[in-house]
$ cat input08.cif   # mmCIF, C-alpha atoms and all ligand atoms
data_structure
loop_
_atom_site.label_atom_id
_atom_site.label_comp_id
_atom_site.auth_asym_id
_atom_site.auth_seq_id
_atom_site.Cartn_x
_atom_site.Cartn_y
_atom_site.Cartn_z
CA MET A 1 95.84 -99.14 -6.48
CA GLU A 2 97.26 -102.19 -8.32
CA LYS A 3 95.77 -105.62 -7.47
CA SER A 4 99.07 -106.69 -5.89
CA ALA A 5 99.44 -103.49 -3.80
CA LYS A 6 100.22 -103.96 -0.13
CA ILE A 7 97.12 -102.72 1.69
CA PHE A 8 96.73 -102.46 5.47
CA ILE A 9 93.13 -102.60 6.70
CA ALA A 10 93.25 -101.35 10.29
CA GLY A 11 90.25 -102.87 12.10
CA HIS A 12 89.53 -105.69 9.64
CA LEU A 13 87.41 -107.62 12.18
CA GLY A 14 85.00 -104.75 12.83
CA LEU A 15 81.76 -103.90 11.01
CA VAL A 16 83.43 -101.47 8.59
CA GLY A 17 86.86 -103.12 8.24
CA SER A 18 85.36 -106.53 7.48
CA ALA A 19 83.18 -104.98 4.76
CA ILE A 20 86.22 -103.25 3.22
CA LYS A 21 88.07 -106.58 3.32
CA ARG A 22 85.13 -108.31 1.54
CA ARG A 23 85.14 -105.61 -1.13
CA LEU A 24 88.90 -105.72 -1.75
CA GLU A 25 88.90 -109.52 -1.93
CA ALA A 26 85.96 -109.46 -4.34
CA GLU A 27 87.91 -107.00 -6.52
CA GLY A 28 90.89 -109.39 -6.64
CA TYR A 29 93.29 -107.76 -4.17
CA THR A 30 95.72 -110.39 -2.90
CA ASN A 31 98.17 -108.58 -0.66
CA LEU A 32 96.11 -107.49 2.35
CA ILE A 33 97.90 -106.90 5.64
CA LEU A 34 95.71 -107.73 8.63
CA ARG A 35 96.39 -107.72 12.36
CA THR A 36 94.12 -108.67 15.25
CA LEU A 37 94.17 -106.70 18.50
CA ASP A 38 96.24 -109.48 20.11
CA GLU A 39 98.83 -109.21 17.34
CA LEU A 40 99.03 -105.41 17.25
CA ASP A 41 97.75 -102.90 19.79
CA LEU A 42 97.05 -99.83 17.67
CA THR A 43 97.07 -97.53 20.71
CA ASN A 44 100.74 -98.46 21.30
CA GLN A 45 102.90 -95.93 19.49
CA GLN A 46 106.09 -98.01 19.35
CA ALA A 47 104.26 -101.17 18.28
CA VAL A 48 102.56 -99.32 15.42
CA ARG A 49 105.83 -97.69 14.33
CA ASP A 50 107.64 -101.04 14.32
CA PHE A 51 104.80 -102.68 12.40
CA PHE A 52 104.80 -99.97 9.69
CA ALA A 53 108.60 -100.07 9.42
CA ALA A 54 108.56 -103.86 9.00
CA GLU A 55 105.54 -104.15 6.66
CA GLN A 56 105.76 -100.89 4.66
CA PRO A 57 102.15 -100.86 3.46
CA GLN A 58 101.44 -98.81 0.31
CA TYR A 59 97.78 -98.08 1.10
CA VAL A 60 95.90 -97.83 4.41
CA PHE A 61 92.20 -98.04 5.22
CA LEU A 62 91.89 -96.62 8.76
CA ALA A 63 88.73 -98.37 9.97
CA ALA A 64 89.96 -99.28 13.47
CA ALA A 65 88.15 -97.41 16.25
CA LYS A 66 86.55 -97.71 19.65
CA VAL A 67 82.85 -97.51 18.72
CA GLY A 68 79.42 -98.03 20.22
CA GLY A 69 75.91 -96.67 20.50
CA ILE A 70 74.59 -93.70 22.40
CA ARG A 71 74.99 -95.31 25.85
CA ALA A 72 78.54 -96.62 25.30
CA ASN A 73 79.65 -93.22 23.97
CA ASN A 74 78.29 -91.52 27.04
CA VAL A 75 79.49 -94.00 29.70
CA TYR A 76 82.96 -94.84 28.32
CA SER A 77 83.78 -91.31 27.16
CA ALA A 78 87.39 -91.32 28.42
CA GLN A 79 88.11 -94.57 26.58
CA PHE A 80 86.36 -93.25 23.45
CA ILE A 81 88.46 -90.09 23.26
CA TYR A 82 91.76 -91.65 24.33
CA GLU A 83 91.72 -94.83 22.26
CA ASN A 84 90.47 -93.13 19.10
CA LEU A 85 93.01 -90.31 19.34
CA MET A 86 95.84 -92.79 19.89
CA ILE A 87 94.82 -95.15 17.08
CA GLU A 88 94.48 -92.43 14.46
CA SER A 89 97.57 -90.45 15.58
CA ASN A 90 99.75 -93.55 15.55
CA ILE A 91 98.56 -94.81 12.17
CA ILE A 92 98.55 -91.44 10.41
CA HIS A 93 101.99 -90.48 11.73
CA SER A 94 103.49 -93.87 10.85
CA SER A 95 101.89 -93.68 7.39
CA TRP A 96 103.71 -90.40 6.83
CA GLU A 97 107.01 -91.82 8.17
CA GLN A 98 106.82 -94.87 5.90
CA LYS A 99 105.64 -92.93 2.84
CA VAL A 100 102.25 -94.61 2.46
CA LYS A 101 100.90 -93.64 -0.99
CA LYS A 102 97.36 -93.06 0.17
CA LEU A 103 95.36 -93.38 3.38
CA LEU A 104 91.59 -93.29 3.88
CA PHE A 105 90.36 -92.29 7.34
CA LEU A 106 86.83 -93.14 8.48
CA GLY A 107 85.00 -90.71 10.74
CA SER A 108 81.33 -90.43 11.61
CA SER A 109 78.39 -88.08 11.03
CA CYS A 110 78.44 -87.19 14.76
CA ILE A 111 81.31 -84.76 13.96
CA TYR A 112 78.74 -82.15 12.91
CA PRO A 113 77.18 -79.65 15.33
CA LYS A 114 74.08 -80.93 17.12
CA LEU A 115 71.83 -78.20 15.70
CA ALA A 116 73.47 -77.67 12.30
CA PRO A 117 71.09 -77.12 9.36
CA GLN A 118 69.87 -80.37 7.80
CA PRO A 119 70.91 -82.03 5.60
CA LEU A 120 74.45 -81.74 6.94
CA LYS A 121 76.89 -80.34 4.42
CA GLU A 122 80.61 -81.08 4.68
CA ASP A 123 81.36 -77.39 5.32
CA CYS A 124 79.25 -77.14 8.51
CA LEU A 125 82.05 -78.87 10.45
CA LEU A 126 83.16 -76.78 13.48
CA THR A 127 80.35 -74.24 13.18
CA GLY A 128 78.61 -75.07 16.48
CA LEU A 129 78.41 -77.16 19.65
CA LEU A 130 78.43 -80.97 19.51
CA GLU A 131 75.82 -83.43 20.83
CA PRO A 132 76.96 -84.07 24.46
CA THR A 133 76.34 -87.87 24.45
CA ASN A 134 79.01 -88.40 21.79
CA GLU A 135 81.27 -85.40 22.25
CA ALA A 136 84.32 -87.55 23.11
CA TYR A 137 84.02 -89.67 19.99
CA ALA A 138 83.23 -86.66 17.79
CA ILE A 139 86.25 -84.66 19.03
CA ALA A 140 88.53 -87.64 18.32
CA LYS A 141 87.07 -88.05 14.82
CA ILE A 142 87.38 -84.32 14.10
CA ALA A 143 91.04 -84.60 15.16
CA GLY A 144 91.43 -87.47 12.66
CA ILE A 145 90.14 -85.29 9.81
CA LYS A 146 92.48 -82.49 10.87
CA LEU A 147 95.46 -84.87 11.11
CA CYS A 148 94.83 -85.95 7.50
CA GLN A 149 94.47 -82.33 6.37
CA MET A 150 97.58 -81.09 8.21
CA TYR A 151 99.79 -83.97 7.02
CA ARG A 152 98.55 -83.16 3.51
CA LYS A 153 99.25 -79.44 3.99
CA GLN A 154 102.69 -79.68 5.61
CA TYR A 155 104.07 -82.90 4.10
CA GLY A 156 102.00 -83.38 0.93
CA CYS A 157 100.55 -86.75 2.07
CA ASN A 158 97.56 -88.03 0.07
CA PHE A 159 95.40 -88.75 3.14
CA ILE A 160 91.62 -88.46 2.68
CA SER A 161 88.67 -88.66 5.09
CA VAL A 162 85.13 -89.95 4.73
CA MET A 163 82.19 -89.39 7.10
CA PRO A 164 79.68 -92.23 7.04
CA THR A 165 76.19 -91.90 8.42
CA ASN A 166 74.90 -94.52 10.96
CA LEU A 167 75.87 -97.97 9.67
CA TYR A 168 74.51 -101.50 10.04
CA GLY A 169 74.93 -104.91 8.44
CA PRO A 170 76.85 -108.18 8.68
CA GLY A 171 79.60 -108.18 11.32
CA ASP A 172 77.79 -105.78 13.66
CA THR A 173 78.01 -105.98 17.46
CA TYR A 174 74.72 -107.10 19.04
CA HIS A 175 75.39 -106.03 22.62
CA PRO A 176 72.08 -105.36 24.42
CA GLU A 177 73.19 -102.01 25.89
CA ASP A 178 76.40 -100.86 24.23
CA SER A 179 75.60 -101.34 20.55
CA HIS A 180 73.89 -99.03 18.06
CA VAL A 181 70.13 -98.95 17.71
CA ILE A 182 69.70 -101.41 14.80
CA PRO A 183 71.72 -104.32 16.22
CA ALA A 184 70.38 -103.65 19.75
CA LEU A 185 66.78 -103.79 18.53
CA ILE A 186 67.35 -106.81 16.26
CA ARG A 187 68.50 -108.67 19.34
CA ARG A 188 65.78 -107.33 21.66
CA PHE A 189 62.91 -108.01 19.24
CA HIS A 190 64.26 -111.47 18.38
CA GLU A 191 64.61 -112.43 22.05
CA ALA A 192 61.12 -111.09 22.81
CA LYS A 193 59.69 -113.18 19.98
CA MET A 194 61.49 -116.32 21.20
CA GLN A 195 60.32 -115.73 24.79
CA GLY A 196 56.74 -114.90 23.73
CA LEU A 197 56.84 -111.44 25.36
CA ALA A 198 53.94 -109.05 24.72
CA GLU A 199 56.02 -105.86 24.75
CA VAL A 200 59.45 -104.51 23.78
CA VAL A 201 60.78 -101.35 25.39
CA CYS A 202 62.95 -99.05 23.24
CA TRP A 203 65.00 -96.07 24.41
CA GLY A 204 64.09 -92.40 24.23
CA THR A 205 60.97 -90.98 22.64
CA GLY A 206 61.27 -92.58 19.19
CA SER A 207 61.13 -89.13 17.57
CA PRO A 208 64.83 -88.58 16.61
CA ARG A 209 65.56 -89.06 12.93
CA ARG A 210 68.49 -91.13 11.69
CA GLU A 211 69.90 -92.08 8.32
CA PHE A 212 71.15 -95.67 7.92
CA LEU A 213 73.58 -97.06 5.36
CA TYR A 214 74.22 -100.74 4.69
CA VAL A 215 77.89 -101.38 5.43
CA ASP A 216 78.76 -103.07 2.11
CA ASP A 217 77.55 -99.93 0.34
CA LEU A 218 79.90 -97.92 2.56
CA ALA A 219 82.78 -100.25 1.64
CA HIS A 220 82.00 -99.73 -2.04
CA ALA A 221 82.07 -95.95 -1.58
CA CYS A 222 85.43 -96.14 0.27
CA TYR A 223 86.85 -98.35 -2.47
CA THR A 224 85.66 -95.90 -5.14
CA LEU A 225 87.05 -92.85 -3.31
CA MET A 226 90.39 -94.59 -2.73
CA HIS A 227 90.67 -94.71 -6.53
CA THR A 228 89.21 -91.34 -7.45
CA TYR A 229 89.30 -88.74 -4.65
CA ASN A 230 92.42 -86.79 -3.69
CA GLU A 231 91.24 -83.66 -1.86
CA ALA A 232 91.64 -82.31 1.68
CA GLU A 233 87.92 -81.92 2.44
CA HIS A 234 86.15 -84.95 3.93
CA VAL A 235 83.29 -86.62 2.01
CA ASN A 236 79.87 -87.56 3.43
CA ILE A 237 78.68 -91.13 2.76
CA GLY A 238 75.00 -91.90 3.27
CA THR A 239 71.74 -92.48 1.47
CA GLY A 240 70.28 -88.97 1.63
CA ALA A 241 67.10 -90.23 3.38
CA ASP A 242 66.20 -90.67 7.04
CA GLN A 243 63.50 -92.21 9.26
CA THR A 244 62.30 -91.72 12.82
CA ILE A 245 63.57 -94.24 15.39
CA LYS A 246 59.92 -95.24 15.86
CA GLU A 247 59.73 -96.19 12.17
CA ILE A 248 63.00 -98.12 12.50
CA ALA A 249 61.66 -100.03 15.52
CA GLU A 250 58.51 -100.95 13.57
CA MET A 251 60.58 -102.14 10.61
CA ILE A 252 62.75 -104.29 12.89
CA ALA A 253 59.67 -105.75 14.60
CA GLU A 254 58.40 -106.74 11.16
CA THR A 255 61.78 -108.13 10.03
CA THR A 256 62.17 -110.28 13.14
CA GLY A 257 58.51 -111.35 13.22
CA PHE A 258 57.75 -109.83 16.64
CA LYS A 259 53.98 -109.35 16.94
CA GLY A 260 53.66 -107.57 20.32
CA SER A 261 53.60 -103.87 21.17
CA ILE A 262 56.43 -101.31 21.34
CA SER A 263 56.79 -98.84 24.22
CA TRP A 264 59.30 -96.02 24.85
CA ASP A 265 61.46 -95.32 27.88
CA SER A 266 61.90 -91.55 27.79
CA SER A 267 64.32 -91.63 30.75
CA LYS A 268 66.94 -92.81 28.17
CA PRO A 269 68.62 -90.17 25.97
CA ASP A 270 67.40 -89.37 22.45
CA GLY A 271 70.72 -87.93 21.35
CA THR A 272 70.82 -85.50 18.47
CA PRO A 273 67.33 -84.75 17.01
CA GLN A 274 68.34 -85.38 13.39
CA LYS A 275 71.50 -86.51 11.58
CA LEU A 276 70.93 -86.52 7.82
CA LEU A 277 73.89 -86.12 5.51
CA ASP A 278 73.88 -83.89 2.45
CA MET A 279 74.97 -86.25 -0.29
CA SER A 280 75.44 -83.72 -3.13
CA LYS A 281 79.21 -84.08 -3.16
CA LEU A 282 79.43 -87.88 -3.45
CA HIS A 283 76.42 -88.01 -5.78
CA SER A 284 78.15 -85.49 -8.04
CA LEU A 285 81.15 -87.85 -8.16
CA GLY A 286 78.79 -90.52 -9.52
CA TRP A 287 78.27 -92.75 -6.46
CA ARG A 288 74.90 -93.84 -5.02
CA HIS A 289 73.96 -96.45 -2.42
CA LYS A 290 72.37 -99.70 -3.66
CA THR A 291 70.82 -101.42 -0.65
CA GLU A 292 67.53 -100.07 0.69
CA LEU A 293 66.81 -100.32 4.41
CA LYS A 294 64.17 -103.04 4.25
CA GLU A 295 66.45 -105.36 2.29
CA GLY A 296 69.50 -104.49 4.42
CA LEU A 297 67.64 -105.22 7.67
CA LYS A 298 66.70 -108.65 6.34
CA ILE A 299 70.38 -109.44 5.63
CA ALA A 300 71.42 -108.05 9.03
CA TYR A 301 68.85 -110.25 10.81
CA GLU A 302 70.11 -113.32 8.91
CA ASP A 303 73.64 -112.41 10.03
CA PHE A 304 72.46 -112.14 13.64
CA LEU A 305 70.75 -115.57 13.47
CA LYS A 306 73.89 -117.13 11.98
CA ARG A 307 76.27 -115.63 14.51
CA TYR A 308 74.07 -115.94 17.62
CA PRO A 309 72.15 -119.15 16.94
O1 LIG A 401 72.31 -96.02 17.32
P1 LIG A 401 72.40 -95.03 18.42
O2 LIG A 401 72.97 -95.51 19.69
O3 LIG A 401 73.21 -93.84 17.79
O4 LIG A 401 70.93 -94.47 18.77
P2 LIG A 401 73.25 -92.25 17.74
C1 LIG A 401 70.08 -93.91 17.83
C2 LIG A 401 68.74 -93.55 18.45
O5 LIG A 401 68.05 -94.78 18.76
C3 LIG A 401 68.78 -92.75 19.75
C4 LIG A 401 67.49 -94.71 20.05
O6 LIG A 401 67.75 -91.77 19.72
C5 LIG A 401 68.46 -93.80 20.83
O7 LIG A 401 67.85 -93.25 21.97
N1 LIG A 401 67.34 -96.08 20.62
C6 LIG A 401 66.17 -96.68 20.91
C7 LIG A 401 68.33 -96.91 20.94
N2 LIG A 401 66.38 -97.88 21.46
C8 LIG A 401 67.72 -98.06 21.49
C9 LIG A 401 68.56 -99.12 21.94
O8 LIG A 401 68.12 -100.16 22.45
N3 LIG A 401 69.91 -98.97 21.79
C10 LIG A 401 70.44 -97.83 21.22
N4 LIG A 401 71.77 -97.76 21.08
N5 LIG A 401 69.67 -96.80 20.82
C11 LIG A 401 75.79 -92.78 17.96
C12 LIG A 401 76.93 -92.00 18.53
O9 LIG A 401 74.71 -91.97 18.20
O10 LIG A 401 75.89 -92.98 16.57
C13 LIG A 401 78.23 -92.44 17.99
O11 LIG A 401 76.86 -92.03 19.92
C14 LIG A 401 78.25 -92.68 16.49
O12 LIG A 401 79.20 -91.50 18.32
C15 LIG A 401 77.06 -93.47 16.06
O13 LIG A 401 78.29 -91.46 15.80
C16 LIG A 401 76.95 -93.62 14.56
O14 LIG A 401 73.02 -91.89 16.32
O15 LIG A 401 72.37 -91.57 18.70
#
$ encode --input "input08.cif" --output "structure tokens" --more "lines below"
Ligand code: GFB
Amino acid sequence: MEKSAKIFIAGHLGLVGSAIKRRLEAEGYTNLILRTLDELDLTNQQAVRDFFAAEQPQYVFLAAAKVGGIRANNVYSAQFIYENLMIESNIIHSSWEQKVKKLLFLGSSCIYPKLAPQPLKEDCLLTGLLEPTNEAYAIAKIAGIKLCQMYRKQYGCNFISVMPTNLYGPGDTYHPEDSHVIPALIRRFHEAKMQGLAEVVCWGTGSPRREFLYVDDLAHACYTLMHTYNEAEHVNIGTGADQTIKEIAEMIAETTGFKGSISWDSSKPDGTPQKLLDMSKLHSLGWRHKTELKEGLKIAYEDFLKRYP
């Protein structure tokens, strides 16, 4: 991927896309093609086709998606399956039509069966039932992997897929109900501290285990794989370590300086009991994450304070 290559980052304003943009700019890439939602609706087949025909990108990072936390996935399930299927079908098909040299598709660790053996190996895909709260999103992301594999198989396209674990970091969405657990709790603990509240209520039982990766580390892994990986099978991207949600809540309380107590609302869903990626494959290719959770949470909190003063 030459420094002057024409690279389309789909979803460059989101958590992942903005981190990929930061990485490419830091590496000296000068020919990035970027479109906001107002400029290009990625669910619109004709608009995407026209855009690819006019711009002819050489490389594509497919980071655009309808995303959210456990509640958003559950409540907006029709939007999650429809929009994600449309975005990835349109971009992958147009990339084939316009002879894109290489495309990297981003999925999610929720593609794996709810009760698959931990840590989750790449080859446990489609071996069991999915977690119901994010079935719509997972089915769309599995379809994205299969699109890349089938376009590779039938047409010889160099389209690869990566499956990140739960992500966080600068550029996240801090919606009180629809976001993922880290940004939701950063906001809730910060607001409780500012209002002098004695207690913060978190969702579920606190017992599920999750693995969290700082988004700039993910962007580095995507950048590395765009240069080095050319196989059909998707690649897990994580840290290889997980924590309970209770431990995460305590870490966020400490990061934000909230001194009160934490209670749990078990009427809210826990989701899948554990989601820890097996990192043997990416580790064997020489990549490891750099940012540990404590340090990453500090940067994420600074980002929140900057963006929501
Ligand atoms: O981050 P989260 O929504 O993602 O929730 P999932 C993780 C865990 O944190 C769940 C608990 O057990 C939640 O019950 N939790 C506690 C909270 N308090 C809160 C809160 O205030 N907000 C949120 N959101 N959670 C999503 C999938 O699942 O992960 C997506 O639905 C995607 O499809 C994404 O894969 C990475 O890990 O449960």
$ residues_around --input "input08.cif" --residues "segment 244-251 of chain A" --least-positions-apart "6" --cutoff "7 Å" --atoms "all atoms listed in the file" --output "MDAnalysis selection string"
chainID A and resid 206:210
$ write_last_selection --input "input08.cif" --atoms "C-alpha atoms" --output "PDB file, in the coordinates of the input"
ATOM      1  CA  GLY A 206      61.270 -92.580  19.190  1.00  0.00           C
ATOM      2  CA  SER A 207      61.130 -89.130  17.570  1.00  0.00           C
ATOM      3  CA  PRO A 208      64.830 -88.580  16.610  1.00  0.00           C
ATOM      4  CA  ARG A 209      65.560 -89.060  12.930  1.00  0.00           C
ATOM      5  CA  ARG A 210      68.490 -91.130  11.690  1.00  0.00           C
TER       6      ARG A 210
END
$ closest_atom_pairs --input "input08.cif" --of "chain A" --to "ligand LIG 401 (chain A)" --cutoff "8 Å" --atoms "all atoms listed in the file" --output "CSV"
residue,atom,partner,partner_atom,distance
A:Val67,CA,A:LIG401,C13,6.9
A:Gly68,CA,A:LIG401,C13,6.1
A:Gly69,CA,A:LIG401,O2,3.3
A:Ile70,CA,A:LIG401,O2,3.6
A:Arg71,CA,A:LIG401,N4,6.3
A:Ala72,CA,A:LIG401,O11,7.3
A:Asn73,CA,A:LIG401,O11,5.1
A:Asn74,CA,A:LIG401,O11,7.3
A:Ser108,CA,A:LIG401,O13,5.3
A:Ser109,CA,A:LIG401,O13,5.8
A:Cys110,CA,A:LIG401,O13,4.4
A:Ile111,CA,A:LIG401,O13,7.6
A:Thr133,CA,A:LIG401,O11,6.2
A:Asn134,CA,A:LIG401,O11,4.6
A:Glu135,CA,A:LIG401,O12,7.5
A:Tyr137,CA,A:LIG401,O12,5.4
A:Ala138,CA,A:LIG401,O12,6.3
A:Thr165,CA,A:LIG401,C16,6.4
A:Asn166,CA,A:LIG401,C16,4.2
A:Leu167,CA,A:LIG401,C16,6.6
A:Pro176,CA,A:LIG401,O8,6.8
A:Glu177,CA,A:LIG401,N3,6.1
A:Asp178,CA,A:LIG401,N4,6.4
A:Ser179,CA,A:LIG401,N4,5.3
A:His180,CA,A:LIG401,O1,3.5
A:Val181,CA,A:LIG401,O1,3.7
A:Ile182,CA,A:LIG401,O1,6.5
A:Pro183,CA,A:LIG401,N3,7.9
A:Ala184,CA,A:LIG401,O8,5.0
A:Leu185,CA,A:LIG401,O8,5.5
A:Arg188,CA,A:LIG401,O8,7.6
A:Val201,CA,A:LIG401,N2,7.7
A:Cys202,CA,A:LIG401,N2,4.0
A:Trp203,CA,A:LIG401,N2,3.7
A:Gly204,CA,A:LIG401,O7,4.5
A:Thr205,CA,A:LIG401,O7,7.3
A:Gly206,CA,A:LIG401,O6,6.6
A:Ser207,CA,A:LIG401,O6,7.4
A:Pro208,CA,A:LIG401,O6,5.3
A:Arg209,CA,A:LIG401,O6,7.6
A:Arg210,CA,A:LIG401,O14,6.5
A:Ile245,CA,A:LIG401,O5,5.6
A:Ala249,CA,A:LIG401,C6,7.8
A:Trp264,CA,A:LIG401,C6,7.9
A:Lys268,CA,A:LIG401,O7,6.3
A:Pro269,CA,A:LIG401,O7,5.1
A:Asp270,CA,A:LIG401,O6,3.7
A:Gly271,CA,A:LIG401,O15,4.8
A:Thr272,CA,A:LIG401,O15,6.3
A:Pro273,CA,A:LIG401,O6,7.5
A:Lys275,CA,A:LIG401,O14,7.3
$ residues_near_point --input "input08.cif" --point "(74.4, -78.3, 1.6)" --cutoff "9 Å" --atoms "all atoms listed in the file" --output "mmCIF file with C-alpha atoms, keeping the file's coordinate frame"
data_model
loop_
_atom_site.group_PDB
_atom_site.id
_atom_site.type_symbol
_atom_site.label_atom_id
_atom_site.label_comp_id
_atom_site.auth_asym_id
_atom_site.auth_seq_id
_atom_site.Cartn_x
_atom_site.Cartn_y
_atom_site.Cartn_z
ATOM 1 C CA PRO A 117 71.090 -77.120 9.360
ATOM 2 C CA GLN A 118 69.870 -80.370 7.800
ATOM 3 C CA PRO A 119 70.910 -82.030 5.600
ATOM 4 C CA LEU A 120 74.450 -81.740 6.940
ATOM 5 C CA LYS A 121 76.890 -80.340 4.420
ATOM 6 C CA GLU A 122 80.610 -81.080 4.680
ATOM 7 C CA ASP A 123 81.360 -77.390 5.320
ATOM 8 C CA CYS A 124 79.250 -77.140 8.510
ATOM 9 C CA LEU A 277 73.890 -86.120 5.510
ATOM 10 C CA ASP A 278 73.880 -83.890 2.450
ATOM 11 C CA MET A 279 74.970 -86.250 -0.290
ATOM 12 C CA SER A 280 75.440 -83.720 -3.130
ATOM 13 C CA LYS A 281 79.210 -84.080 -3.160
#
$ closest_residue --input "input08.cif" --among "A:Glu191, A:Glu295, A:Asp38, A:Glu302" --to "Leu213 of chain A" --atoms "all atoms listed in the file"
A:Glu295
$ closest_residue --input "input08.cif" --among "A:Asp242, A:Tyr168, A:Val75, A:Pro57" --to "Phe304 of chain A" --atoms "only C-alpha atoms"
A:Tyr168
$ residues_around --input "input08.cif" --residues "Phe8 of chain A" --least-positions-apart "6" --cutoff "10 Å" --atoms "all atoms listed in the file" --output "compact mmCIF listing (two decimals) with C-alpha atoms, in the frame of the given file"
# COMPACT_ATOMS: atom_id res chain seq x y z
CA LYS A 21 88.07 -106.58 3.32
CA ASN A 31 98.17 -108.58 -0.66
CA LEU A 32 96.11 -107.49 2.35
CA ILE A 33 97.90 -106.90 5.64
CA LEU A 34 95.71 -107.73 8.63
CA ARG A 35 96.39 -107.72 12.36
CA PHE A 52 104.80 -99.97 9.69
CA GLU A 55 105.54 -104.15 6.66
CA GLN A 56 105.76 -100.89 4.66
CA PRO A 57 102.15 -100.86 3.46
CA GLN A 58 101.44 -98.81 0.31
CA TYR A 59 97.78 -98.08 1.10
CA VAL A 60 95.90 -97.83 4.41
CA PHE A 61 92.20 -98.04 5.22
CA LEU A 62 91.89 -96.62 8.76
CA LEU A 103 95.36 -93.38 3.38
$ residues_around --input "input08.cif" --residues "segment 288-293 of chain A" --least-positions-apart "6" --cutoff "8 Å" --atoms "all atoms listed in the file" --output "list in words"
Phe212, Leu213, Tyr214, Asp217, Leu218, Gly238, Thr239 and Leu282 of chain A
$ atom_distance --input "input08.cif" --atom1 "atom CA of Gln274 of chain A" --atom2 "atom CA of Pro132 of chain A"
14.1 Å
$ axis_aligned_box --input "input08.cif" --around "segment 255-270 of chain A" --padding-each-side "6 Å" --output "AutoDock Vina command-line options"
--center_x 61.1 --center_y -100.4 --center_z 20.4 --size_x 27.0 --size_y 34.0 --size_z 32.7
$ atom_distance --input "input08.cif" --atom1 "atom CA of Ser94 of chain A" --atom2 "atom CA of Met163 of chain A"
22.1 Å
$ closest_residue --input "input08.cif" --among "A:Pro170, A:Gly128, A:Ala54, A:Asn90" --to "Leu13 of chain A" --atoms "all atoms listed in the file"
A:Pro170
$ closest_residue --input "input08.cif" --among "A:Ser266, A:Gln46, A:Gln243, A:Ser18" --to "Glu211 of chain A" --atoms "all atoms listed in the file"
A:Gln243
$ closest_residue --input "input08.cif" --among "A:Ala64, A:Ala300, A:Ala253, A:Ala232" --to "Met150 of chain A" --atoms "all atoms listed in the file"
A:Ala232
$ atom_distance --input "input08.cif" --atom1 "atom CA of Lys6 of chain A" --atom2 "atom CA of Lys102 of chain A"
11.3 Å
$ residues_around --input "input08.cif" --residues "Leu130 of chain A" --least-positions-apart "6" --cutoff "7 Å" --atoms "only C-alpha atoms" --output "PyMOL selection string"
chain A and resi 112-114
